[in-house]
Protein chains: 2
Amino acid sequence: MNGVVIKQIGDISIGDSAYFAKTVTEADVMMFAMLSGDYASHHVDESFAQTTLFKSRIAHGMLTAGLICPVLRLLCGDGSTTRSQEIAFKSAVLLNDTVTVKGEVTEVSEDDKVVTIEVVCTKQGHVEGDRPLVLGTFKQALVV
Amino acid sequence: MNGVVIKQIGDISIGDSAYFAKTVTEADVMMFAMLSGDYASHHVDESFAQTTLFKSRIAHGMLTAGLICPVLRLLCGDGSTTRSQEIAFKSAVLLNDTVTVKGEVTEVSEDDKVVTIEVVCTKQGHVEGDRPLVLGTFKQALVV
């Protein structure tokens, strides 16, 4: 994903797909806490986190959602921006989980240069029928 | 927002509100690029960014959305997690813009311990009638 890729709306087709995978580390979670200002205990305090349903610290949902950005970029190119999104968080991301994000173009609106992308995030080792981590729908606008 | 605040569903009422404000710096945007893997040119390349509609680098939408997390925490306490969200991005956040996030509880479901929060993000200097930066609806679950 080096360099600049500019796409025109005619370059994008229904069925285009891309993926990105990343291991979510303790450093990532602490960095996101610093960035967002959200130091909630289930993200930063292992002792507290062990008393929760998850038995361990979990990543911020919005951090996992952030991993979707590179897929939107791969599909729509540099200079495209998100107009709207709907996300359902289905399962928690624990430290050192590897998250795979897959995106697929499901709609291309040539008139307003907006592309609809359906996204699913799964955990490494995910098997068919497992609950995904995140499901999302993104409307990405080509604004350059 | 120091220390741990645990809330029970009975502690939360329709009309509860909270806010958080933060100036989005160049360092924030570069850190989010590193964290997410999204180095799209309109976020990290000032020369490219000057050729776009925005005439300058803009923050990742998901970085702005991340600033909503502290408000969800203030309203629902530690150990609450986001079940789903809908976000509309209405206007770009430029470097050094100060973003104010306001959240208000609009629904409390005692049975499944889910709280609905309406969020609006505005830019400092925003006046009534200006276009907001972000509008969002969050379903926050109390899971501790």
# chains A, B, ... in the order shown; residues from 1 in each chain; ligands from 1
call {"tool": "interface_residues", "arguments": {"of": "chain A", "to": "chain B", "cutoff": "8 Å", "atoms": "only C-alpha atoms", "output": "ChimeraX atom specification"}}
result
/A:4,28,31-32,35-42,51-53,61-63,65-70,73,78-79,81-90,143-144
call {"tool": "write_last_selection", "arguments": {"atoms": "C-alpha atoms", "output": "compact mmCIF listing (two decimals), in the first residue's frame"}}
result
# COMPACT_ATOMS: atom_id res chain seq x y z
CA VAL A 4 -0.75 7.25 -3.87
CA ASP A 28 -1.95 -0.27 20.51
CA MET A 31 -1.86 4.41 22.45
CA PHE A 32 -5.55 4.52 21.62
CA LEU A 35 -5.28 9.39 21.66
CA SER A 36 -8.96 9.22 22.53
CA GLY A 37 -8.84 10.07 26.23
CA ASP A 38 -10.67 6.81 27.05
CA TYR A 39 -8.78 5.16 29.90
CA ALA A 40 -11.71 2.97 30.98
CA SER A 41 -10.53 0.28 33.37
CA HIS A 42 -11.46 -2.68 31.19
CA THR A 51 -13.28 -9.22 37.28
CA THR A 52 -15.26 -8.60 34.08
CA LEU A 53 -17.08 -10.90 31.72
CA GLY A 61 -14.22 -1.07 19.87
CA MET A 62 -13.28 2.07 18.00
CA LEU A 63 -9.66 0.84 17.75
CA ALA A 65 -13.09 -0.21 13.84
CA GLY A 66 -10.02 1.85 12.93
CA LEU A 67 -8.49 -1.22 11.30
CA ILE A 68 -11.22 -0.99 8.69
CA CYS A 69 -9.73 2.27 7.34
CA PRO A 70 -6.96 0.65 5.26
CA ARG A 73 -8.52 3.04 1.23
CA ASP A 78 -6.52 8.02 -1.57
CA GLY A 79 -8.66 11.06 -0.97
CA THR A 81 -13.67 9.86 2.89
CA THR A 82 -16.32 8.09 4.92
CA ARG A 83 -19.72 9.69 4.71
CA SER A 84 -21.50 7.33 7.10
CA GLN A 85 -21.09 3.99 8.81
CA GLU A 86 -23.08 1.45 10.76
CA ILE A 87 -21.16 -0.95 12.94
CA ALA A 88 -22.23 -3.83 15.18
CA PHE A 89 -19.69 -5.10 17.69
CA LYS A 90 -20.29 -8.82 18.11
CA VAL A 143 -14.06 13.61 -2.98
CA VAL A 144 -10.69 14.33 -4.62
call {"tool": "atom_distance", "arguments": {"atom1": "CA of Val127 (chain B)", "atom2": "CA of Ala141 (chain A)"}}
result
26.3 Å
call {"tool": "closest_atom_pairs", "arguments": {"of": "region 67-106 of chain B", "to": "region 9-19 of chain B", "cutoff": "6 Å", "atoms": "only C-alpha atoms", "output": "CSV"}}
result
residue,atom,partner,partner_atom,distance
B:Val71,CA,B:Tyr19,CA,5.8
B:Val101,CA,B:Tyr19,CA,5.4
B:Lys102,CA,B:Tyr19,CA,4.4
B:Gly103,CA,B:Ser17,CA,5.5
B:Glu104,CA,B:Ser17,CA,4.3
B:Val105,CA,B:Ile14,CA,5.0
B:Thr106,CA,B:Ile14,CA,5.1
call {"tool": "write_last_selection", "arguments": {"atoms": "N, CA and C atoms", "output": "JSON list (two decimals), in the first residue's frame"}}
result
[["chain", "number", "residue", "atom", "x", "y", "z"],
["B", 71, "VAL", "N", -17.00, 10.12, 26.36],
["B", 71, "VAL", "CA", -18.37, 10.54, 26.70],
["B", 71, "VAL", "C", -19.24, 9.32, 27.02],
["B", 101, "VAL", "N", -17.41, 17.01, 21.89],
["B", 101, "VAL", "CA", -18.35, 15.89, 21.78],
["B", 101, "VAL", "C", -19.38, 16.02, 22.89],
["B", 102, "LYS", "N", -20.65, 16.06, 22.51],
["B", 102, "LYS", "CA", -21.71, 16.07, 23.52],
["B", 102, "LYS", "C", -22.58, 14.84, 23.34],
["B", 103, "GLY", "N", -22.87, 14.16, 24.44],
["B", 103, "GLY", "CA", -23.71, 12.97, 24.39],
["B", 103, "GLY", "C", -24.88, 13.11, 25.34],
["B", 104, "GLU", "N", -26.01, 12.56, 24.93],
["B", 104, "GLU", "CA", -27.20, 12.59, 25.79],
["B", 104, "GLU", "C", -27.92, 11.24, 25.72],
["B", 105, "VAL", "N", -28.30, 10.74, 26.87],
["B", 105, "VAL", "CA", -29.03, 9.47, 26.95],
["B", 105, "VAL", "C", -30.45, 9.70, 26.46],
["B", 106, "THR", "N", -30.88, 8.90, 25.48],
["B", 106, "THR", "CA", -32.24, 9.07, 24.95],
["B", 106, "THR", "C", -33.12, 7.85, 25.22]]
call {"tool": "select_by_dssp", "arguments": {"residues": "region 66-136 of chain A", "states": "strand (DSSP E or B)", "output": "ChimeraX atom specification"}}
result
/A:77,80-89,94,98-109,114-123,134-136
call {"tool": "write_last_selection", "arguments": {"atoms": "N, CA and C atoms", "output": "mmCIF file, in the first residue's frame"}}
result
data_model
loop_
_atom_site.group_PDB
_atom_site.id
_atom_site.type_symbol
_atom_site.label_atom_id
_atom_site.label_comp_id
_atom_site.auth_asym_id
_atom_site.auth_seq_id
_atom_site.Cartn_x
_atom_site.Cartn_y
_atom_site.Cartn_z
ATOM 1 N N GLY A 77 -9.314 4.178 -2.830
ATOM 2 C CA GLY A 77 -8.185 5.028 -3.178
ATOM 3 C C GLY A 77 -7.967 6.165 -2.197
ATOM 4 N N SER A 80 -10.458 9.471 -0.619
ATOM 5 C CA SER A 80 -11.869 9.153 -0.374
ATOM 6 C C SER A 80 -12.138 9.266 1.120
ATOM 7 N N THR A 81 -13.345 9.671 1.470
ATOM 8 C CA THR A 81 -13.666 9.857 2.893
ATOM 9 C C THR A 81 -14.982 9.156 3.221
ATOM 10 N N THR A 82 -15.113 8.801 4.483
ATOM 11 C CA THR A 82 -16.315 8.092 4.922
ATOM 12 C C THR A 82 -17.439 9.088 5.165
ATOM 13 N N ARG A 83 -18.556 8.819 4.527
ATOM 14 C CA ARG A 83 -19.720 9.692 4.712
ATOM 15 C C ARG A 83 -20.573 9.198 5.890
ATOM 16 N N SER A 84 -20.748 7.882 5.963
ATOM 17 C CA SER A 84 -21.500 7.330 7.097
ATOM 18 C C SER A 84 -21.113 5.885 7.320
ATOM 19 N N GLN A 85 -21.408 5.389 8.495
ATOM 20 C CA GLN A 85 -21.085 3.992 8.813
ATOM 21 C C GLN A 85 -22.081 3.453 9.829
ATOM 22 N N GLU A 86 -22.311 2.162 9.736
ATOM 23 C CA GLU A 86 -23.077 1.446 10.755
ATOM 24 C C GLU A 86 -22.229 0.258 11.170
ATOM 25 N N ILE A 87 -22.020 0.130 12.457
ATOM 26 C CA ILE A 87 -21.156 -0.953 12.937
ATOM 27 C C ILE A 87 -21.853 -1.686 14.075
ATOM 28 N N ALA A 88 -21.779 -3.017 14.042
ATOM 29 C CA ALA A 88 -22.226 -3.828 15.182
ATOM 30 C C ALA A 88 -21.015 -4.560 15.735
ATOM 31 N N PHE A 89 -20.803 -4.411 17.032
ATOM 32 C CA PHE A 89 -19.689 -5.102 17.695
ATOM 33 C C PHE A 89 -20.229 -6.403 18.272
ATOM 34 N N LEU A 94 -9.326 -9.263 22.385
ATOM 35 C CA LEU A 94 -8.390 -9.335 23.512
ATOM 36 C C LEU A 94 -6.993 -8.947 23.031
ATOM 37 N N THR A 98 -5.307 -11.423 16.598
ATOM 38 C CA THR A 98 -5.099 -10.935 15.235
ATOM 39 C C THR A 98 -6.463 -10.764 14.571
ATOM 40 N N VAL A 99 -6.701 -9.540 14.113
ATOM 41 C CA VAL A 99 -7.991 -9.185 13.512
ATOM 42 C C VAL A 99 -7.826 -9.128 11.995
ATOM 43 N N THR A 100 -8.669 -9.827 11.284
ATOM 44 C CA THR A 100 -8.690 -9.738 9.821
ATOM 45 C C THR A 100 -9.936 -8.990 9.383
ATOM 46 N N VAL A 101 -9.722 -7.958 8.575
ATOM 47 C CA VAL A 101 -10.822 -7.131 8.076
ATOM 48 C C VAL A 101 -11.006 -7.445 6.592
ATOM 49 N N LYS A 102 -12.204 -7.836 6.216
ATOM 50 C CA LYS A 102 -12.492 -8.045 4.788
ATOM 51 C C LYS A 102 -13.598 -7.096 4.363
ATOM 52 N N GLY A 103 -13.393 -6.434 3.244
ATOM 53 C CA GLY A 103 -14.397 -5.509 2.732
ATOM 54 C C GLY A 103 -14.772 -5.862 1.309
ATOM 55 N N GLU A 104 -16.042 -5.657 0.978
ATOM 56 C CA GLU A 104 -16.500 -5.927 -0.391
ATOM 57 C C GLU A 104 -17.454 -4.823 -0.830
ATOM 58 N N VAL A 105 -17.245 -4.355 -2.028
ATOM 59 C CA VAL A 105 -18.119 -3.316 -2.599
ATOM 60 C C VAL A 105 -19.457 -3.950 -2.964
ATOM 61 N N THR A 106 -20.553 -3.367 -2.445
ATOM 62 C CA THR A 106 -21.880 -3.915 -2.732
ATOM 63 C C THR A 106 -22.741 -2.949 -3.539
ATOM 64 N N GLU A 107 -22.296 -1.702 -3.654
ATOM 65 C CA GLU A 107 -23.087 -0.723 -4.399
ATOM 66 C C GLU A 107 -22.162 0.398 -4.869
ATOM 67 N N VAL A 108 -22.370 0.853 -6.082
ATOM 68 C CA VAL A 108 -21.597 1.992 -6.604
ATOM 69 C C VAL A 108 -22.590 2.997 -7.157
ATOM 70 N N SER A 109 -22.595 4.181 -6.584
ATOM 71 C CA SER A 109 -23.507 5.216 -7.071
ATOM 72 C C SER A 109 -22.683 6.234 -7.853
ATOM 73 N N VAL A 114 -20.508 7.784 -4.531
ATOM 74 C CA VAL A 114 -20.485 7.121 -3.226
ATOM 75 C C VAL A 114 -20.490 5.605 -3.430
ATOM 76 N N VAL A 115 -19.615 4.935 -2.677
ATOM 77 C CA VAL A 115 -19.452 3.487 -2.769
ATOM 78 C C VAL A 115 -19.882 2.868 -1.438
ATOM 79 N N THR A 116 -20.711 1.837 -1.493
ATOM 80 C CA THR A 116 -21.112 1.135 -0.269
ATOM 81 C C THR A 116 -20.244 -0.106 -0.112
ATOM 82 N N ILE A 117 -19.706 -0.288 1.083
ATOM 83 C CA ILE A 117 -18.793 -1.399 1.358
ATOM 84 C C ILE A 117 -19.287 -2.152 2.586
ATOM 85 N N GLU A 118 -19.445 -3.458 2.431
ATOM 86 C CA GLU A 118 -19.803 -4.300 3.581
ATOM 87 C C GLU A 118 -18.518 -4.877 4.148
ATOM 88 N N VAL A 119 -18.384 -4.809 5.465
ATOM 89 C CA VAL A 119 -17.144 -5.203 6.126
ATOM 90 C C VAL A 119 -17.418 -6.260 7.183
ATOM 91 N N VAL A 120 -16.538 -7.234 7.264
ATOM 92 C CA VAL A 120 -16.595 -8.180 8.383
ATOM 93 C C VAL A 120 -15.188 -8.328 8.967
ATOM 94 N N CYS A 121 -15.106 -8.243 10.280
ATOM 95 C CA CYS A 121 -13.835 -8.449 10.983
ATOM 96 C C CYS A 121 -13.924 -9.764 11.748
ATOM 97 N N THR A 122 -12.917 -10.593 11.568
ATOM 98 C CA THR A 122 -12.896 -11.878 12.275
ATOM 99 C C THR A 122 -11.558 -12.055 12.982
ATOM 100 N N LYS A 123 -11.536 -13.014 13.873
ATOM 101 C CA LYS A 123 -10.337 -13.293 14.646
ATOM 102 C C LYS A 123 -9.575 -14.428 13.962
ATOM 103 N N VAL A 134 -16.770 -7.926 14.302
ATOM 104 C CA VAL A 134 -17.437 -6.677 13.908
ATOM 105 C C VAL A 134 -18.094 -6.882 12.537
ATOM 106 N N LEU A 135 -19.285 -6.324 12.387
ATOM 107 C CA LEU A 135 -19.942 -6.232 11.077
ATOM 108 C C LEU A 135 -20.194 -4.759 10.798
ATOM 109 N N GLY A 136 -19.936 -4.331 9.576
ATOM 110 C CA GLY A 136 -20.126 -2.918 9.293
ATOM 111 C C GLY A 136 -20.566 -2.645 7.872
#
call {"tool": "atom_distance", "arguments": {"atom1": "CA of Val44 (chain A)", "atom2": "CA of Met30 (chain A)"}}
result
6.9 Å
call {"tool": "select_by_dssp", "arguments": {"residues": "chain A", "states": "alpha helix (DSSP H)", "output": "MDAnalysis selection string"}}
result
chainID A and resid 26:36 41:44 46:49 61:66 69:76
